[in-house]
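Engineer: Got a file for you: input.cif, mmCIF, C-alpha atoms and all ligand atoms.
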data_structure
#
loop_
_atom_site.group_PDB
_atom_site.id
_atom_site.type_symbol
_atom_site.label_atom_id
_atom_site.label_comp_id
_atom_site.auth_asym_id
_atom_site.auth_seq_id
_atom_site.Cartn_x
_atom_site.Cartn_y
_atom_site.Cartn_z
ATOM 1 C CA MET A 234 110.045 54.080 84.754
ATOM 2 C CA PRO A 235 107.830 52.001 82.449
ATOM 3 C CA LEU A 236 104.119 52.106 83.163
ATOM 4 C CA ILE A 237 103.023 48.973 84.949
ATOM 5 C CA PRO A 238 100.157 46.906 83.519
ATOM 6 C CA LEU A 239 96.832 47.857 85.064
ATOM 7 C CA LEU A 240 94.750 44.764 84.352
ATOM 8 C CA PRO A 241 96.301 42.460 86.981
ATOM 9 C CA ILE A 242 95.676 45.090 89.667
ATOM 10 C CA PHE A 243 92.151 45.635 88.342
ATOM 11 C CA HIS A 244 91.414 41.907 88.590
ATOM 12 C CA ARG A 245 92.849 41.672 92.091
ATOM 13 C CA PHE A 246 90.809 44.674 93.325
ATOM 14 C CA ASN A 247 87.744 43.299 91.606
ATOM 15 C CA ARG A 248 88.006 40.083 93.599
ATOM 16 C CA GLN A 249 89.024 41.715 96.869
ATOM 17 C CA TYR A 250 86.733 44.743 97.012
ATOM 18 C CA PHE A 251 83.954 44.347 94.448
ATOM 19 C CA ASP A 252 82.882 40.713 94.866
ATOM 20 C CA GLY A 253 84.062 39.959 91.337
ATOM 21 C CA LEU A 254 81.185 41.993 89.890
ATOM 22 C CA LEU A 255 83.300 44.141 87.564
ATOM 23 C CA VAL A 256 84.191 41.104 85.450
ATOM 24 C CA LYS A 257 81.740 39.064 83.391
ATOM 25 C CA ASN A 258 82.746 35.882 81.505
ATOM 26 C CA SER A 259 86.318 36.690 82.558
ATOM 27 C CA LYS A 260 86.168 40.060 80.742
ATOM 28 C CA PRO A 261 86.190 43.409 82.578
ATOM 29 C CA ILE A 262 82.887 45.236 82.074
ATOM 30 C CA VAL A 263 84.823 48.495 81.976
ATOM 31 C CA SER A 264 88.064 48.921 80.086
ATOM 32 C CA VAL A 265 91.152 50.195 81.889
ATOM 33 C CA ARG A 266 94.059 52.012 80.322
ATOM 34 C CA TRP A 267 96.820 54.514 80.816
ATOM 35 C CA SER A 268 96.282 57.945 79.299
ATOM 36 C CA ASP A 269 98.610 59.459 76.776
ATOM 37 C CA GLY A 270 100.619 62.454 77.946
ATOM 38 C CA ARG A 271 97.684 64.842 77.795
ATOM 39 C CA LEU A 272 95.622 63.891 80.845
ATOM 40 C CA ARG A 273 97.195 66.330 83.254
ATOM 41 C CA ASN A 274 94.378 67.850 85.251
ATOM 42 C CA THR A 275 93.272 64.713 87.088
ATOM 43 C CA ALA A 276 95.008 61.540 88.235
ATOM 44 C CA GLY A 277 92.213 59.398 86.872
ATOM 45 C CA LEU A 278 88.709 59.349 85.469
ATOM 46 C CA TYR A 279 85.808 57.026 84.760
ATOM 47 C CA ARG A 280 83.570 57.761 81.808
ATOM 48 C CA HIS A 281 80.599 56.004 80.321
ATOM 49 C CA GLY A 282 78.651 57.366 77.380
ATOM 50 C CA ARG A 283 79.360 58.507 73.907
ATOM 51 C CA LYS A 284 82.271 60.466 72.575
ATOM 52 C CA SER A 285 81.712 63.526 70.400
ATOM 53 C CA ASP A 286 82.025 61.260 67.325
ATOM 54 C CA GLY A 287 79.191 59.054 68.590
ATOM 55 C CA GLN A 288 81.410 56.120 69.575
ATOM 56 C CA LYS A 289 80.484 54.352 72.813
ATOM 57 C CA VAL A 290 82.963 54.491 75.679
ATOM 58 C CA CYS A 291 83.056 52.869 79.071
ATOM 59 C CA GLU A 292 86.480 53.178 80.549
ATOM 60 C CA ILE A 293 88.787 54.023 83.391
ATOM 61 C CA VAL A 294 91.735 56.153 82.366
ATOM 62 C CA LEU A 295 94.705 56.775 84.632
ATOM 63 C CA SER A 296 96.971 59.738 84.031
ATOM 64 C CA SER A 297 100.448 58.638 83.041
ATOM 65 C CA PRO A 298 102.035 62.096 83.481
ATOM 66 C CA ILE A 299 100.715 62.425 87.032
ATOM 67 C CA LEU A 300 101.097 58.873 88.285
ATOM 68 C CA GLU A 301 104.202 57.561 86.548
ATOM 69 C CA ASN A 302 106.621 59.084 89.041
ATOM 70 C CA LEU A 303 104.596 58.468 92.178
ATOM 71 C CA PRO A 304 104.686 55.365 94.377
ATOM 72 C CA GLN A 305 102.438 52.473 93.422
ATOM 73 C CA SER A 306 100.056 53.306 96.270
ATOM 74 C CA ALA A 307 99.021 56.459 94.346
ATOM 75 C CA LEU A 308 98.156 54.358 91.311
ATOM 76 C CA GLU A 309 96.271 51.855 93.459
ATOM 77 C CA SER A 310 94.259 54.466 95.265
ATOM 78 C CA THR A 311 93.372 56.213 91.989
ATOM 79 C CA LEU A 312 92.408 52.976 90.243
ATOM 80 C CA CYS A 313 90.315 51.908 93.206
ATOM 81 C CA HIS A 314 88.561 55.291 93.305
ATOM 82 C CA GLU A 315 87.602 54.984 89.640
ATOM 83 C CA MET A 316 86.540 51.361 90.119
ATOM 84 C CA ILE A 317 84.085 52.522 92.789
ATOM 85 C CA HIS A 318 82.573 54.913 90.218
ATOM 86 C CA ALA A 319 82.333 52.071 87.681
ATOM 87 C CA TRP A 320 80.786 49.732 90.271
ATOM 88 C CA ILE A 321 78.141 52.317 91.248
ATOM 89 C CA ASP A 322 77.298 53.007 87.625
ATOM 90 C CA LEU A 323 77.465 49.515 86.085
ATOM 91 C CA VAL A 324 76.594 47.216 88.992
ATOM 92 C CA LEU A 325 74.364 49.253 91.311
ATOM 93 C CA LYS A 326 73.095 51.201 88.287
ATOM 94 C CA VAL A 327 72.724 54.304 90.378
ATOM 95 C CA SER A 328 73.562 57.807 89.283
ATOM 96 C CA GLU A 329 75.725 59.434 91.932
ATOM 97 C CA GLY A 330 79.057 61.189 92.129
ATOM 98 C CA HIS A 331 80.715 60.943 95.493
ATOM 99 C CA GLY A 332 77.552 60.065 97.376
ATOM 100 C CA GLN A 333 76.415 57.554 99.952
ATOM 101 C CA ASN A 334 77.417 54.444 98.027
ATOM 102 C CA PHE A 335 80.779 55.904 97.198
ATOM 103 C CA TYR A 336 81.551 56.770 100.813
ATOM 104 C CA ALA A 337 80.424 53.411 102.107
ATOM 105 C CA ARG A 338 82.566 51.425 99.669
ATOM 106 C CA MET A 339 85.535 53.768 100.135
ATOM 107 C CA LYS A 340 85.392 53.315 103.912
ATOM 108 C CA LEU A 341 85.085 49.569 103.572
ATOM 109 C CA ILE A 342 88.104 49.339 101.266
ATOM 110 C CA ASN A 343 90.163 51.623 103.492
ATOM 111 C CA SER A 344 89.332 49.488 106.511
ATOM 112 C CA LEU A 345 90.321 46.251 104.735
ATOM 113 C CA GLN A 346 93.966 47.099 103.999
ATOM 114 C CA ASN A 347 96.852 49.461 104.754
ATOM 115 C CA GLN A 348 98.538 49.607 101.362
ATOM 116 C CA PHE A 349 96.702 52.705 100.164
ATOM 117 C CA GLN A 350 93.835 54.986 101.109
ATOM 118 C CA VAL A 351 91.039 55.881 98.740
ATOM 119 C CA ASN A 352 90.094 59.558 98.933
ATOM 120 C CA ILE A 353 87.237 61.567 97.559
ATOM 121 C CA ARG A 354 89.647 63.736 95.621
ATOM 122 C CA HIS A 355 92.879 62.602 94.068
ATOM 123 C CA GLN A 356 95.469 64.426 96.106
ATOM 124 C CA PHE A 357 98.488 64.118 93.925
ATOM 125 C CA PRO A 358 100.584 66.986 92.705
ATOM 126 C CA VAL A 359 99.708 67.982 89.173
ATOM 127 C CA PRO A 360 102.861 68.812 87.212
ATOM 128 C CA VAL A 361 103.003 72.494 86.457
ATOM 129 C CA LYS A 362 102.773 73.274 82.796
ATOM 130 C CA MET A 363 105.658 75.461 81.823
ATOM 131 C CA PRO A 364 105.088 78.500 79.620
ATOM 132 C CA LYS A 365 106.076 77.743 76.059
ATOM 133 C CA TRP A 366 105.639 81.114 74.418
ATOM 134 C CA LEU A 367 106.646 84.707 74.902
ATOM 135 C CA GLY A 368 104.228 87.440 73.980
ATOM 136 C CA ILE A 369 106.223 90.452 72.831
ATOM 137 C CA CYS A 370 104.812 93.933 72.576
ATOM 138 C CA PRO A 371 105.908 95.571 69.291
ATOM 139 C CA SER A 372 105.539 98.992 70.883
ATOM 140 C CA CYS A 373 107.421 98.812 74.197
ATOM 141 C CA GLY A 374 109.126 95.451 73.733
ATOM 142 C CA CYS A 375 107.944 94.002 77.054
ATOM 143 C CA ARG A 376 107.845 90.208 77.191
ATOM 144 C CA THR A 377 105.279 88.035 78.945
ATOM 145 C CA PRO A 378 105.380 84.229 79.193
ATOM 146 C CA TYR A 379 102.286 82.371 77.926
ATOM 147 C CA LYS A 380 101.367 78.696 77.925
ATOM 148 C CA ARG A 381 99.860 79.022 74.466
ATOM 149 C CA ARG A 382 99.496 81.613 71.763
ATOM 150 C CA VAL A 383 96.518 83.895 72.176
ATOM 151 C CA SER A 384 95.444 85.832 69.147
ATOM 152 C CA GLY A 385 94.658 89.507 69.460
ATOM 153 C CA VAL A 386 95.919 90.187 72.989
ATOM 154 C CA ALA A 387 97.421 93.627 73.271
ATOM 155 C CA CYS A 388 99.938 95.120 75.682
ATOM 156 C CA LYS A 389 97.899 96.642 78.494
ATOM 157 C CA LYS A 390 100.517 99.176 79.413
ATOM 158 C CA CYS A 391 100.822 100.590 75.889
ATOM 159 C CA CYS A 392 97.075 100.620 75.339
ATOM 160 C CA ASP A 393 96.718 102.554 78.586
ATOM 161 C CA VAL A 394 99.536 105.002 77.924
ATOM 162 C CA PHE A 395 99.068 105.658 74.210
ATOM 163 C CA HIS A 396 95.461 104.803 73.453
ATOM 164 C CA GLY A 397 93.455 105.898 76.457
ATOM 165 C CA GLY A 398 93.016 102.326 77.713
ATOM 166 C CA ARG A 399 91.451 101.082 74.481
ATOM 167 C CA TRP A 400 92.684 98.044 72.585
ATOM 168 C CA HIS A 401 94.857 99.106 69.689
ATOM 169 C CA SER A 402 96.272 96.984 66.907
ATOM 170 C CA SER A 403 99.716 98.592 67.238
ATOM 171 C CA CYS A 404 100.057 96.961 70.687
ATOM 172 C CA VAL A 405 99.014 93.447 69.687
ATOM 173 C CA LEU A 406 101.576 90.968 71.000
ATOM 174 C CA THR A 407 103.604 88.830 68.675
ATOM 175 C CA PHE A 408 104.426 85.328 69.900
ATOM 176 C CA GLU A 409 107.750 83.579 69.821
ATOM 177 C CA PRO A 410 108.443 80.078 71.060
ATOM 178 C CA LEU A 411 110.380 80.188 74.309
ATOM 179 C CA SER A 412 112.899 77.630 73.127
ATOM 180 C CA ASN A 413 114.210 80.245 70.668
ATOM 181 C CA ILE A 414 114.875 82.710 73.442
ATOM 182 C CA SER A 415 117.530 82.069 76.023
ATOM 183 C CA ASN A 416 116.360 84.297 78.835
ATOM 184 C CA TYR A 417 113.280 86.283 79.596
HETATM 185 ZN ZN ZN B 501 85.582 60.526 91.787
HETATM 186 ZN ZN ZN B 502 103.770 97.604 75.326
#
Transcribe the structure of this file into structure tokens.
Ligand SMILES: [Zn+2]
Ligand SMILES: [Zn+2]
Structural biologist:
Amino acid sequence: MPLIPLLPIFHRFNRQYFDGLLVKNSKPIVSVRWSDGRLRNTAGLYRHGRKSDGQKVCEIVLSSPILENLPQSALESTLCHEMIHAWIDLVLKVSEGHGQNFYARMKLINSLQNQFQVNIRHQFPVPVKMPKWLGICPSCGCRTPYKRRVSGVACKKCCDVFHGGRWHSSCVLTFEPLSNISNY
């Protein structure tokens, strides 16, 4: 399913729930975009500040991996949630997370329509990241799935049995990509 454009929804919500205050001279005062495939731990976020390279950012980012396969109401509720954060920060100019202003606006929006509900937390299933690597013990040959390579981890069993529980270089796991191994 192609990702649907966010700006039309942003403009509609801005008129309906934020008195048009998130747009100035017909330009959004916060940018809105889909994430790349990497934003997997939250359905959406609002950030305002500077990136590590010093560049200014003020944006709402919605997670494409989490939201792309969910109904549009999930997208709408996430976008609206992040727009409340932007409105508190940029319009009210108050520093709060999910505080008084957030609750009040969330309740108002939820009472105005039945298409979606804004929640304090995004309650959408986060896709489980599958292990991509196998750590193989050169001593006993046991295999453990890992999401990423970890340098220097040793087989606990072999360290316990042969080295009195101390880390030993002869038990340091070697990593092989899972795609090269048919079953584990
Ligand atoms: Zn939030
Ligand atoms: Zn071992």
Engineer: What's the 12 Å shell around A:Ile262, counting all atoms listed in the file, without same-chain residues fewer than 3 positions away, as a ChimeraX atom specification?
Structural biologist: /A:243-244,247,253-259,265,281,290-293,316,319-320,322-324
Engineer: Keeping only C-alpha atoms, write the selected residues to a file as a short mmCIF file (atom, residue, chain, number, x, y, z; two decimals), in the coordinates of the input.
Structural biologist:
data_model
loop_
_atom_site.label_atom_id
_atom_site.label_comp_id
_atom_site.auth_asym_id
_atom_site.auth_seq_id
_atom_site.Cartn_x
_atom_site.Cartn_y
_atom_site.Cartn_z
CA PHE A 243 92.15 45.64 88.34
CA HIS A 244 91.41 41.91 88.59
CA ASN A 247 87.74 43.30 91.61
CA GLY A 253 84.06 39.96 91.34
CA LEU A 254 81.18 41.99 89.89
CA LEU A 255 83.30 44.14 87.56
CA VAL A 256 84.19 41.10 85.45
CA LYS A 257 81.74 39.06 83.39
CA ASN A 258 82.75 35.88 81.50
CA SER A 259 86.32 36.69 82.56
CA VAL A 265 91.15 50.20 81.89
CA HIS A 281 80.60 56.00 80.32
CA VAL A 290 82.96 54.49 75.68
CA CYS A 291 83.06 52.87 79.07
CA GLU A 292 86.48 53.18 80.55
CA ILE A 293 88.79 54.02 83.39
CA MET A 316 86.54 51.36 90.12
CA ALA A 319 82.33 52.07 87.68
CA TRP A 320 80.79 49.73 90.27
CA ASP A 322 77.30 53.01 87.62
CA LEU A 323 77.46 49.52 86.08
CA VAL A 324 76.59 47.22 88.99
#
Engineer: Fewer than 2 positions away in the same chain doesn't count, so skip those; otherwise give me all residues within 9 Å of stretch 386-398 of chain A, counting all atoms listed in the file, as a list in words.
Structural biologist: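 So the residues in contact are Gly368, Ile369, Cys370, Pro371, Ser372, Cys373, Cys375, Val383, Ser384, Trp400, His401, Ser402, Ser403, Cys404, Val405, Leu406 and Thr407 of chain A.
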Engineer: May I ask which of the residues A:Thr377, A:Gln249, A:Gln333, A:Ser297 is the closest one to ligand ZN 502 (chain B), counting all atoms listed in the file?
Structural biologist: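 Once distances to ligand ZN 502 (chain B) are computed over all atoms listed in the file, the minimum belongs to A:Thr377.
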Engineer: Could you state the separation of atom CA of A:Gln356 and atom CA of A:Ala307 in Å, given to one decimal place?
Structural biologist: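 Atom CA of A:Gln356 sits 8.9 Å away from atom CA of A:Ala307.
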Engineer: Could I get the residue neighbourhood of ligand ZN 501 (chain B) at 8 Å, counting only C-alpha atoms and all ligand atoms, as a ChimeraX atom specification?
Structural biologist: /A:278-279,314-315,318,330-331,353-355
Engineer: Specify as an MDAnalysis selection string each residue included when the PyMOL selection byres (((chain A and resi 310) around 8) and not hetatm) is applied to this file.
Structural biologist: chainID A and resid 306:309 311:314 349:352
Engineer: Give me, please, the distance in Å between atom CA of A:Lys380 and atom CA of A:Pro410, quoted to one decimal.
Structural biologist: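 Those two atoms sit 10.0 Å apart.
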Engineer: Please reconstruct the missing atoms of stretch 281-298 of chain A (target: N, CA and C atoms) and return them as a short mmCIF file (atom, residue, chain, number, x, y, z; two decimals), in the coordinates of the input.
Structural biologist:
data_model
loop_
_atom_site.label_atom_id
_atom_site.label_comp_id
_atom_site.auth_asym_id
_atom_site.auth_seq_id
_atom_site.Cartn_x
_atom_site.Cartn_y
_atom_site.Cartn_z
N HIS A 281 81.52 56.94 80.93
CA HIS A 281 80.60 56.00 80.32
C HIS A 281 79.61 56.82 79.51
N GLY A 282 79.56 56.60 78.22
CA GLY A 282 78.65 57.37 77.38
C GLY A 282 79.13 57.33 75.95
N ARG A 283 78.93 58.44 75.30
CA ARG A 283 79.36 58.51 73.91
C ARG A 283 80.34 59.65 73.73
N LYS A 284 81.32 59.40 72.89
CA LYS A 284 82.27 60.47 72.58
C LYS A 284 81.62 61.42 71.59
N SER A 285 82.29 62.53 71.32
CA SER A 285 81.71 63.53 70.40
C SER A 285 81.48 62.92 69.01
N ASP A 286 82.24 61.88 68.64
CA ASP A 286 82.02 61.26 67.32
C ASP A 286 80.97 60.15 67.36
N GLY A 287 80.27 60.02 68.50
CA GLY A 287 79.19 59.05 68.59
C GLY A 287 79.61 57.67 69.06
N GLN A 288 80.91 57.43 69.14
CA GLN A 288 81.41 56.12 69.58
C GLN A 288 81.13 55.90 71.06
N LYS A 289 80.74 54.66 71.40
CA LYS A 289 80.48 54.35 72.81
C LYS A 289 81.79 54.21 73.58
N VAL A 290 81.81 54.72 74.80
CA VAL A 290 82.96 54.49 75.68
C VAL A 290 82.50 54.08 77.05
N CYS A 291 83.25 53.21 77.68
CA CYS A 291 83.06 52.87 79.07
C CYS A 291 84.43 52.49 79.57
N GLU A 292 85.08 53.43 80.23
CA GLU A 292 86.48 53.18 80.55
C GLU A 292 86.97 53.93 81.77
N ILE A 293 88.03 53.36 82.34
CA ILE A 293 88.79 54.02 83.39
C ILE A 293 90.11 54.42 82.76
N VAL A 294 90.47 55.68 82.92
CA VAL A 294 91.74 56.15 82.37
C VAL A 294 92.58 56.70 83.51
N LEU A 295 93.80 56.24 83.62
CA LEU A 295 94.70 56.78 84.63
C LEU A 295 95.75 57.65 83.96
N SER A 296 96.07 58.76 84.62
CA SER A 296 96.97 59.74 84.03
C SER A 296 98.42 59.28 84.12
N SER A 297 99.03 59.02 82.98
CA SER A 297 100.45 58.64 83.04
C SER A 297 101.34 59.80 83.48
N PRO A 298 101.11 61.05 83.01
CA PRO A 298 102.04 62.10 83.48
C PRO A 298 101.97 62.33 84.99
#
